[in-house]
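Student: Here you go, this is work_3.pdb (PDB, C-alpha atoms, pLDDT in the B column).
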ATOM      1  CA  MET A  11      -5.774  -5.759   3.674  1.00 83.00           C
ATOM      2  CA  LYS A  12      -6.888  -6.165   7.292  1.00 89.00           C
ATOM      3  CA  ASN A  13      -4.531  -7.595   9.881  1.00 94.00           C
ATOM      4  CA  ARG A  14      -4.217  -8.450  13.582  1.00 95.00           C
ATOM      5  CA  ILE A  15      -0.745  -7.075  14.128  1.00 96.00           C
ATOM      6  CA  ARG A  16      -1.859  -4.472  16.690  1.00 95.00           C
ATOM      7  CA  VAL A  17      -3.669  -7.123  18.763  1.00 96.00           C
ATOM      8  CA  LEU A  18      -0.798  -9.605  18.561  1.00 96.00           C
ATOM      9  CA  ARG A  19       1.689  -6.904  19.522  1.00 96.00           C
ATOM     10  CA  ALA A  20      -0.442  -5.858  22.466  1.00 96.00           C
ATOM     11  CA  GLU A  21      -0.670  -9.458  23.674  1.00 95.00           C
ATOM     12  CA  ARG A  22       3.129  -9.654  23.715  1.00 95.00           C
ATOM     13  CA  ARG A  23       3.605  -6.052  24.931  1.00 95.00           C
ATOM     14  CA  TRP A  24       5.811  -5.291  21.931  1.00 96.00           C
ATOM     15  CA  SER A  25       6.184  -1.787  20.593  1.00 96.00           C
ATOM     16  CA  GLN A  26       6.137  -1.190  16.837  1.00 96.00           C
ATOM     17  CA  ALA A  27       9.873  -0.531  17.040  1.00 96.00           C
ATOM     18  CA  GLU A  28      10.448  -3.858  18.760  1.00 96.00           C
ATOM     19  CA  LEU A  29       8.483  -5.777  16.130  1.00 97.00           C
ATOM     20  CA  ALA A  30      10.291  -3.832  13.393  1.00 96.00           C
ATOM     21  CA  GLU A  31      13.632  -4.858  14.851  1.00 95.00           C
ATOM     22  CA  ARG A  32      12.589  -8.521  15.083  1.00 96.00           C
ATOM     23  CA  VAL A  33      11.414  -8.517  11.485  1.00 95.00           C
ATOM     24  CA  GLY A  34      14.300  -6.399  10.166  1.00 93.00           C
ATOM     25  CA  VAL A  35      12.392  -3.438   8.740  1.00 94.00           C
ATOM     26  CA  SER A  36      11.814   0.179   9.749  1.00 94.00           C
ATOM     27  CA  ARG A  37       9.174   1.210  12.325  1.00 95.00           C
ATOM     28  CA  ASN A  38       7.410   3.167   9.572  1.00 94.00           C
ATOM     29  CA  SER A  39       6.904  -0.084   7.672  1.00 94.00           C
ATOM     30  CA  ILE A  40       5.218  -1.744  10.644  1.00 96.00           C
ATOM     31  CA  ASN A  41       3.112   1.341  11.332  1.00 95.00           C
ATOM     32  CA  SER A  42       1.939   1.527   7.726  1.00 95.00           C
ATOM     33  CA  ILE A  43       1.178  -2.205   7.488  1.00 95.00           C
ATOM     34  CA  GLU A  44      -0.611  -2.210  10.849  1.00 94.00           C
ATOM     35  CA  ASN A  45      -2.863   0.653   9.765  1.00 92.00           C
ATOM     36  CA  GLY A  46      -3.674  -1.059   6.481  1.00 91.00           C
ATOM     37  CA  HIS A  47      -2.003   1.580   4.313  1.00 92.00           C
ATOM     38  CA  PHE A  48       0.668  -0.714   2.911  1.00 93.00           C
ATOM     39  CA  ASP A  49       0.478  -4.378   1.868  1.00 93.00           C
ATOM     40  CA  PRO A  50       3.659  -6.287   2.736  1.00 95.00           C
ATOM     41  CA  SER A  51       5.408  -8.608   0.295  1.00 94.00           C
ATOM     42  CA  LEU A  52       5.052 -12.338   0.826  1.00 95.00           C
ATOM     43  CA  THR A  53       8.581 -12.440   2.293  1.00 94.00           C
ATOM     44  CA  LEU A  54       7.776  -9.746   4.846  1.00 95.00           C
ATOM     45  CA  ALA A  55       4.390 -11.293   5.638  1.00 96.00           C
ATOM     46  CA  PHE A  56       6.163 -14.604   6.386  1.00 96.00           C
ATOM     47  CA  ALA A  57       8.714 -12.769   8.552  1.00 96.00           C
ATOM     48  CA  ILE A  58       5.912 -11.084  10.533  1.00 97.00           C
ATOM     49  CA  ALA A  59       4.110 -14.413  10.912  1.00 96.00           C
ATOM     50  CA  ASP A  60       7.353 -16.038  12.125  1.00 96.00           C
ATOM     51  CA  ALA A  61       7.872 -13.238  14.671  1.00 96.00           C
ATOM     52  CA  PHE A  62       4.422 -13.961  16.150  1.00 96.00           C
ATOM     53  CA  ASP A  63       4.903 -17.717  15.766  1.00 96.00           C
ATOM     54  CA  SER A  64       1.695 -17.795  13.718  1.00 95.00           C
ATOM     55  CA  ARG A  65       0.571 -18.501  10.182  1.00 95.00           C
ATOM     56  CA  ILE A  66       0.108 -15.730   7.609  1.00 95.00           C
ATOM     57  CA  GLU A  67      -3.625 -16.426   7.338  1.00 93.00           C
ATOM     58  CA  ASP A  68      -3.972 -16.013  11.119  1.00 93.00           C
ATOM     59  CA  ILE A  69      -2.595 -12.475  10.866  1.00 95.00           C
ATOM     60  CA  PHE A  70      -3.659 -11.110   7.493  1.00 94.00           C
ATOM     61  CA  GLU A  71      -7.133 -11.130   6.041  1.00 90.00           C
ATOM     62  CA  ARG A  72      -7.930 -10.437   2.405  1.00 84.00           C
ATOM     63  CA  ASP A  73     -10.196  -7.513   1.575  1.00 79.00           C
ATOM     64  CA  PRO A  74     -13.592  -8.613   0.281  1.00 78.00           C
ATOM     65  CA  PRO A  75     -13.765  -8.462  -3.528  1.00 80.00           C
ATOM     66  CA  ALA A  76     -15.112  -5.209  -4.918  1.00 78.00           C
ATOM     67  CA  PRO A  77     -18.765  -5.411  -6.035  1.00 79.00           C
ATOM     68  CA  GLY A  78     -19.052  -6.333  -9.682  1.00 74.00           C
ATOM     69  CA  SER A  79     -15.568  -7.844  -9.896  1.00 64.00           C
TER
ATOM     70  CA  MET B  15      27.995 -13.804  19.278  1.00 41.00           C
ATOM     71  CA  ALA B  16      28.996 -10.156  19.333  1.00 45.00           C
ATOM     72  CA  PRO B  17      27.457  -8.121  16.519  1.00 46.00           C
ATOM     73  CA  VAL B  18      29.851  -7.160  13.749  1.00 49.00           C
ATOM     74  CA  ARG B  19      30.290  -3.416  13.800  1.00 57.00           C
ATOM     75  CA  LYS B  20      30.738  -2.008  10.328  1.00 64.00           C
ATOM     76  CA  SER B  21      33.159   0.845   9.827  1.00 73.00           C
ATOM     77  CA  ARG B  22      31.620   4.117   8.655  1.00 78.00           C
ATOM     78  CA  LEU B  23      34.887   5.140   7.021  1.00 82.00           C
ATOM     79  CA  PRO B  24      33.985   4.062   3.446  1.00 81.00           C
ATOM     80  CA  LEU B  25      30.676   5.945   3.719  1.00 84.00           C
ATOM     81  CA  LEU B  26      32.390   9.112   4.981  1.00 88.00           C
ATOM     82  CA  ALA B  27      35.046   8.795   2.266  1.00 88.00           C
ATOM     83  CA  LEU B  28      32.324   8.554  -0.400  1.00 88.00           C
ATOM     84  CA  ILE B  29      30.477  11.590   1.007  1.00 90.00           C
ATOM     85  CA  ALA B  30      33.752  13.512   0.981  1.00 91.00           C
ATOM     86  CA  LEU B  31      34.357  12.397  -2.617  1.00 89.00           C
ATOM     87  CA  CYS B  32      30.910  13.737  -3.554  1.00 89.00           C
ATOM     88  CA  ILE B  33      31.566  17.173  -2.070  1.00 92.00           C
ATOM     89  CA  LEU B  34      35.290  17.893  -2.252  1.00 93.00           C
ATOM     90  CA  PRO B  35      35.927  17.793  -6.036  1.00 92.00           C
ATOM     91  CA  GLY B  36      33.202  20.380  -6.710  1.00 90.00           C
ATOM     92  CA  LEU B  37      34.342  22.566  -3.831  1.00 92.00           C
ATOM     93  CA  SER B  38      37.952  22.328  -5.037  1.00 92.00           C
ATOM     94  CA  VAL B  39      36.943  23.472  -8.507  1.00 90.00           C
ATOM     95  CA  PHE B  40      35.046  26.479  -7.095  1.00 88.00           C
ATOM     96  CA  ALA B  41      37.870  27.330  -4.682  1.00 91.00           C
ATOM     97  CA  SER B  42      40.480  27.201  -7.419  1.00 91.00           C
ATOM     98  CA  LEU B  43      38.455  29.146 -10.032  1.00 87.00           C
ATOM     99  CA  PRO B  44      40.829  32.175 -10.021  1.00 87.00           C
ATOM    100  CA  TRP B  45      43.799  29.859 -10.605  1.00 90.00           C
ATOM    101  CA  LEU B  46      41.894  27.695 -13.117  1.00 87.00           C
ATOM    102  CA  LYS B  47      41.032  30.739 -15.251  1.00 84.00           C
ATOM    103  CA  GLN B  48      44.759  31.306 -15.831  1.00 88.00           C
ATOM    104  CA  GLN B  49      45.338  27.759 -17.088  1.00 88.00           C
ATOM    105  CA  SER B  50      45.106  26.417 -20.622  1.00 90.00           C
ATOM    106  CA  ASP B  51      41.777  25.047 -21.902  1.00 89.00           C
ATOM    107  CA  GLY B  52      43.174  21.509 -21.869  1.00 91.00           C
ATOM    108  CA  THR B  53      44.135  21.724 -18.188  1.00 91.00           C
ATOM    109  CA  ILE B  54      40.734  23.200 -17.268  1.00 91.00           C
ATOM    110  CA  TYR B  55      38.812  20.468 -19.130  1.00 92.00           C
ATOM    111  CA  LEU B  56      41.027  17.759 -17.632  1.00 93.00           C
ATOM    112  CA  LEU B  57      40.675  18.962 -14.020  1.00 92.00           C
ATOM    113  CA  THR B  58      36.960  19.799 -14.161  1.00 92.00           C
ATOM    114  CA  GLY B  59      36.292  16.543 -16.022  1.00 93.00           C
ATOM    115  CA  LEU B  60      38.173  14.601 -13.360  1.00 93.00           C
ATOM    116  CA  ALA B  61      36.188  16.365 -10.618  1.00 93.00           C
ATOM    117  CA  ALA B  62      32.920  15.542 -12.408  1.00 93.00           C
ATOM    118  CA  VAL B  63      33.838  11.861 -12.874  1.00 94.00           C
ATOM    119  CA  LEU B  64      34.864  11.534  -9.206  1.00 93.00           C
ATOM    120  CA  THR B  65      31.641  13.169  -8.008  1.00 93.00           C
ATOM    121  CA  ILE B  66      29.434  11.036 -10.258  1.00 92.00           C
ATOM    122  CA  ALA B  67      31.227   7.794  -9.329  1.00 93.00           C
ATOM    123  CA  ALA B  68      31.003   8.562  -5.598  1.00 92.00           C
ATOM    124  CA  SER B  69      27.328   9.558  -5.921  1.00 92.00           C
ATOM    125  CA  LEU B  70      26.515   6.310  -7.726  1.00 92.00           C
ATOM    126  CA  ALA B  71      28.339   4.258  -5.092  1.00 92.00           C
ATOM    127  CA  LEU B  72      26.503   6.144  -2.328  1.00 91.00           C
ATOM    128  CA  ALA B  73      23.146   5.581  -4.060  1.00 88.00           C
ATOM    129  CA  ILE B  74      23.831   1.834  -4.351  1.00 89.00           C
ATOM    130  CA  LEU B  75      24.865   1.592  -0.677  1.00 88.00           C
ATOM    131  CA  HIS B  76      21.758   3.536   0.373  1.00 86.00           C
ATOM    132  CA  ASP B  77      19.460   1.416  -1.813  1.00 86.00           C
ATOM    133  CA  ARG B  78      20.737  -1.808  -0.226  1.00 86.00           C
ATOM    134  CA  LYS B  79      19.704  -0.588   3.212  1.00 86.00           C
ATOM    135  CA  LEU B  80      16.108   0.237   2.235  1.00 91.00           C
ATOM    136  CA  ASP B  81      13.237  -2.012   3.253  1.00 92.00           C
ATOM    137  CA  GLU B  82      10.241  -2.512   0.978  1.00 93.00           C
ATOM    138  CA  TRP B  83       8.188   0.333   2.491  1.00 93.00           C
ATOM    139  CA  GLU B  84      11.079   2.758   1.982  1.00 93.00           C
ATOM    140  CA  ARG B  85      11.623   1.390  -1.536  1.00 92.00           C
ATOM    141  CA  SER B  86       7.946   1.959  -2.302  1.00 94.00           C
ATOM    142  CA  ASN B  87       8.224   5.489  -0.930  1.00 93.00           C
ATOM    143  CA  SER B  88      11.305   6.063  -3.077  1.00 90.00           C
ATOM    144  CA  ARG B  89       9.542   4.771  -6.218  1.00 92.00           C
ATOM    145  CA  PHE B  90       6.496   6.964  -5.591  1.00 95.00           C
ATOM    146  CA  SER B  91       8.513  10.109  -4.835  1.00 95.00           C
ATOM    147  CA  SER B  92      10.957   9.651  -7.713  1.00 92.00           C
ATOM    148  CA  PHE B  93       8.129   9.044 -10.199  1.00 93.00           C
ATOM    149  CA  TRP B  94       6.077  12.080  -9.164  1.00 96.00           C
ATOM    150  CA  GLY B  95       9.135  14.197  -8.344  1.00 96.00           C
ATOM    151  CA  ASP B  96      10.533  13.578 -11.835  1.00 93.00           C
ATOM    152  CA  ALA B  97       7.206  14.306 -13.519  1.00 93.00           C
ATOM    153  CA  VAL B  98       6.469  17.496 -11.566  1.00 96.00           C
ATOM    154  CA  GLY B  99      10.088  18.735 -11.625  1.00 94.00           C
ATOM    155  CA  THR B 100      10.388  18.250 -15.386  1.00 93.00           C
ATOM    156  CA  SER B 101       7.061  20.019 -15.952  1.00 94.00           C
ATOM    157  CA  LEU B 102       8.185  22.934 -13.778  1.00 93.00           C
ATOM    158  CA  VAL B 103      11.366  23.423 -15.807  1.00 92.00           C
ATOM    159  CA  ALA B 104       9.366  23.214 -19.052  1.00 92.00           C
ATOM    160  CA  LEU B 105       6.956  25.812 -17.638  1.00 92.00           C
ATOM    161  CA  LEU B 106       9.857  28.049 -16.568  1.00 90.00           C
ATOM    162  CA  LEU B 107      11.232  27.920 -20.105  1.00 90.00           C
ATOM    163  CA  ALA B 108       7.812  28.590 -21.641  1.00 90.00           C
ATOM    164  CA  VAL B 109       6.817  31.758 -19.758  1.00 91.00           C
ATOM    165  CA  PRO B 110       8.616  35.062 -20.475  1.00 90.00           C
ATOM    166  CA  PRO B 111       9.366  35.976 -16.800  1.00 91.00           C
ATOM    167  CA  GLY B 112      10.964  32.540 -16.374  1.00 89.00           C
ATOM    168  CA  ARG B 113      13.070  32.976 -19.497  1.00 89.00           C
ATOM    169  CA  ASP B 114      14.144  36.476 -18.387  1.00 89.00           C
ATOM    170  CA  TRP B 115      15.155  35.126 -14.993  1.00 90.00           C
ATOM    171  CA  ILE B 116      17.266  32.363 -16.591  1.00 89.00           C
ATOM    172  CA  VAL B 117      18.975  34.905 -18.876  1.00 89.00           C
ATOM    173  CA  SER B 118      19.758  37.247 -15.988  1.00 89.00           C
ATOM    174  CA  VAL B 119      21.145  34.428 -13.808  1.00 88.00           C
ATOM    175  CA  VAL B 120      23.329  33.020 -16.610  1.00 87.00           C
ATOM    176  CA  SER B 121      24.559  36.513 -17.589  1.00 86.00           C
ATOM    177  CA  SER B 122      25.546  37.434 -14.048  1.00 85.00           C
ATOM    178  CA  TRP B 123      27.158  34.051 -13.284  1.00 80.00           C
ATOM    179  CA  SER B 124      29.170  33.946 -16.480  1.00 79.00           C
ATOM    180  CA  GLY B 125      30.155  37.620 -16.145  1.00 78.00           C
ATOM    181  CA  THR B 126      28.897  38.429 -19.657  1.00 79.00           C
ATOM    182  CA  PRO B 127      26.088  40.987 -19.310  1.00 76.00           C
ATOM    183  CA  ASP B 128      25.869  41.410 -23.093  1.00 77.00           C
ATOM    184  CA  ALA B 129      25.349  37.715 -23.828  1.00 76.00           C
ATOM    185  CA  GLY B 130      22.516  37.174 -26.312  1.00 83.00           C
ATOM    186  CA  SER B 131      19.326  36.083 -24.563  1.00 86.00           C
ATOM    187  CA  LYS B 132      18.331  33.907 -27.519  1.00 88.00           C
ATOM    188  CA  VAL B 133      21.605  31.970 -27.347  1.00 89.00           C
ATOM    189  CA  ILE B 134      21.253  31.451 -23.597  1.00 89.00           C
ATOM    190  CA  ILE B 135      17.670  30.194 -23.881  1.00 91.00           C
ATOM    191  CA  ILE B 136      18.528  27.870 -26.782  1.00 92.00           C
ATOM    192  CA  ALA B 137      21.490  26.476 -24.796  1.00 91.00           C
ATOM    193  CA  VAL B 138      19.328  25.894 -21.710  1.00 92.00           C
ATOM    194  CA  VAL B 139      16.537  24.326 -23.800  1.00 93.00           C
ATOM    195  CA  PHE B 140      19.031  21.998 -25.518  1.00 95.00           C
ATOM    196  CA  GLY B 141      20.487  21.042 -22.130  1.00 94.00           C
ATOM    197  CA  PHE B 142      16.995  20.338 -20.821  1.00 94.00           C
ATOM    198  CA  ILE B 143      16.069  18.268 -23.879  1.00 95.00           C
ATOM    199  CA  ALA B 144      19.359  16.342 -23.641  1.00 96.00           C
ATOM    200  CA  THR B 145      18.666  15.518 -19.989  1.00 94.00           C
ATOM    201  CA  VAL B 146      15.109  14.386 -20.686  1.00 94.00           C
ATOM    202  CA  MET B 147      16.184  12.312 -23.703  1.00 96.00           C
ATOM    203  CA  ALA B 148      19.122  10.735 -21.851  1.00 96.00           C
ATOM    204  CA  ARG B 149      16.802   9.819 -18.953  1.00 94.00           C
ATOM    205  CA  ALA B 150      14.263   8.281 -21.326  1.00 94.00           C
ATOM    206  CA  VAL B 151      16.923   6.264 -23.174  1.00 97.00           C
ATOM    207  CA  CYS B 152      18.573   5.065 -19.955  1.00 96.00           C
ATOM    208  CA  MET B 153      15.197   4.190 -18.389  1.00 94.00           C
ATOM    209  CA  THR B 154      14.292   2.126 -21.466  1.00 96.00           C
ATOM    210  CA  ALA B 155      17.675   0.377 -21.423  1.00 97.00           C
ATOM    211  CA  PHE B 156      17.439  -0.416 -17.700  1.00 94.00           C
ATOM    212  CA  SER B 157      13.824  -1.531 -18.067  1.00 95.00           C
ATOM    213  CA  LEU B 158      14.794  -3.956 -20.861  1.00 96.00           C
ATOM    214  CA  GLY B 159      17.783  -5.189 -18.846  1.00 96.00           C
ATOM    215  CA  TRP B 160      15.602  -5.719 -15.757  1.00 92.00           C
ATOM    216  CA  SER B 161      12.981  -7.595 -17.821  1.00 93.00           C
ATOM    217  CA  PHE B 162      15.569  -9.911 -19.379  1.00 92.00           C
ATOM    218  CA  TRP B 163      17.120 -10.542 -15.955  1.00 91.00           C
ATOM    219  CA  LYS B 164      13.817 -11.317 -14.245  1.00 89.00           C
ATOM    220  CA  LEU B 165      12.531 -13.478 -17.130  1.00 91.00           C
ATOM    221  CA  ARG B 166      15.696 -15.570 -17.430  1.00 87.00           C
ATOM    222  CA  THR B 167      15.453 -19.368 -17.265  1.00 82.00           C
ATOM    223  CA  PRO B 168      15.750 -20.650 -13.697  1.00 79.00           C
ATOM    224  CA  ARG B 169      18.983 -22.420 -12.761  1.00 74.00           C
ATOM    225  CA  GLY B 170      19.003 -26.149 -13.442  1.00 69.00           C
ATOM    226  CA  ALA B 171      15.995 -25.948 -15.782  1.00 62.00           C
ATOM    227  CA  ALA B 172      16.289 -28.159 -18.842  1.00 53.00           C
TER
END
Output the file's structure as structure tokens, nothing else.
Tutor:
Amino acid sequence: MKNRIRVLRAERRWSQAELAERVGVSRNSINSIENGHFDPSLTLAFAIADAFDSRIEDIFERDPPAPGS
Amino acid sequence: MAPVRKSRLPLLALIALCILPGLSVFASLPWLKQQSDGTIYLLTGLAAVLTIAASLALAILHDRKLDEWERSNSRFSSFWGDAVGTSLVALLLAVPPGRDWIVSVVSSWSGTPDAGSKVIIIAVVFGFIATVMARAVCMTAFSLGWSFWKLRTPRGAA
């Protein structure tokens, strides 16, 4: 799943650790989500959206469906 | 509002409870060997129960602090760690050098160099099977319990 966390963080000059603290998770979680290696739960996605004062769909973007599916 | 600072004392006490009973048993081995069987079973049993209870409490405390990424990591590593670890033990028991190594370790630790290798291997195999079976039974029981809990009727539903 693609996301705009890196861009939104940069706009606010937040480090990953700072965002992690605001959301209440570890820095590894933010790093992994930001790089697209880990999909957050709905609860965490809402928490991240709240931290950026945005909507979930403004931050996360679904992967295109696999061909043939 | 000032943040509430939690005491680390319960955590340290639990860690101590995990380590000290086992250490006490090892430290008192010369004295324990002179005691009756009943006393030995009682004291070692007590040490085992204390260690297991403290370990469980520590595991629960640790699990509560994990976020979902760490929980996912834990699920992945415990699944593959269990599978690979169990296979390694099975492999160790299947190949002759592995069996010989187990026999030599058990013989030297128990101080019985003339112990029958067949008896040692059968005992280790039974212990291994018991562990695997107990894990499978407990996993099934917890899986059923989790399913019933998660599929329960929501509160206030008619």
Student: Choose the residue, out of A:Asn45, A:Ser64, A:Thr53, A:Ser36, that has the smallest atom-to-atom separation from chain B; count all atoms listed in the file.
Tutor: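 Nearest to chain B: A:Ser36.
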Student: Once the ChimeraX specification (/A :<9) & /B has been applied to the shown file, what residues remain in the selection, as a PyMOL selection string?
Tutor: chain B and resi 80-84
Student: What is the distance, in Å and to one decimal place, between atom CA of His47 of chain A and atom CA of Lys12 of chain A?
Tutor: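 For atom CA of His47 of chain A relative to atom CA of Lys12 of chain A, the distance reads 9.6 Å.
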Student: What is the distance, in Å and to one decimal place, between atom CA of Ala27 of chain A and atom CA of Leu75 of chain B?
Tutor: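 Here the two named atoms are 23.3 Å from each other.
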Student: Evaluate the PyMOL selection byres ((chain A and resi 71) around 6) against this structure - the residues, as a PyMOL selection string, please.
Tutor: chain A and resi 12-13+70+72
Student: Evaluate the PyMOL selection byres ((chain A and resi 14) around 8) and record the selected residues as a ChimeraX atom specification, following the chain and residue labels used in the document.
Tutor: /A:12-13,15-18,44,68-70
Student: Would you compute the distance between atom CA of Met11 of chain A and atom CA of Asp73 of chain A? Give it in Å to one decimal.
Tutor: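 For atom CA of Met11 of chain A relative to atom CA of Asp73 of chain A, the distance reads 5.2 Å.
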Student: Edge lengths and centre in Å to one decimal, as lines of an AutoDock Vina configuration file, of the axis-aligned box that encloses all listed atoms of segment 11-21 of chain A with 8 Å added on every side?
Tutor:
center_x = -2.6
center_y = -7.0
center_z = 13.7
size_x = 24.6
size_y = 21.1
size_z = 36.0
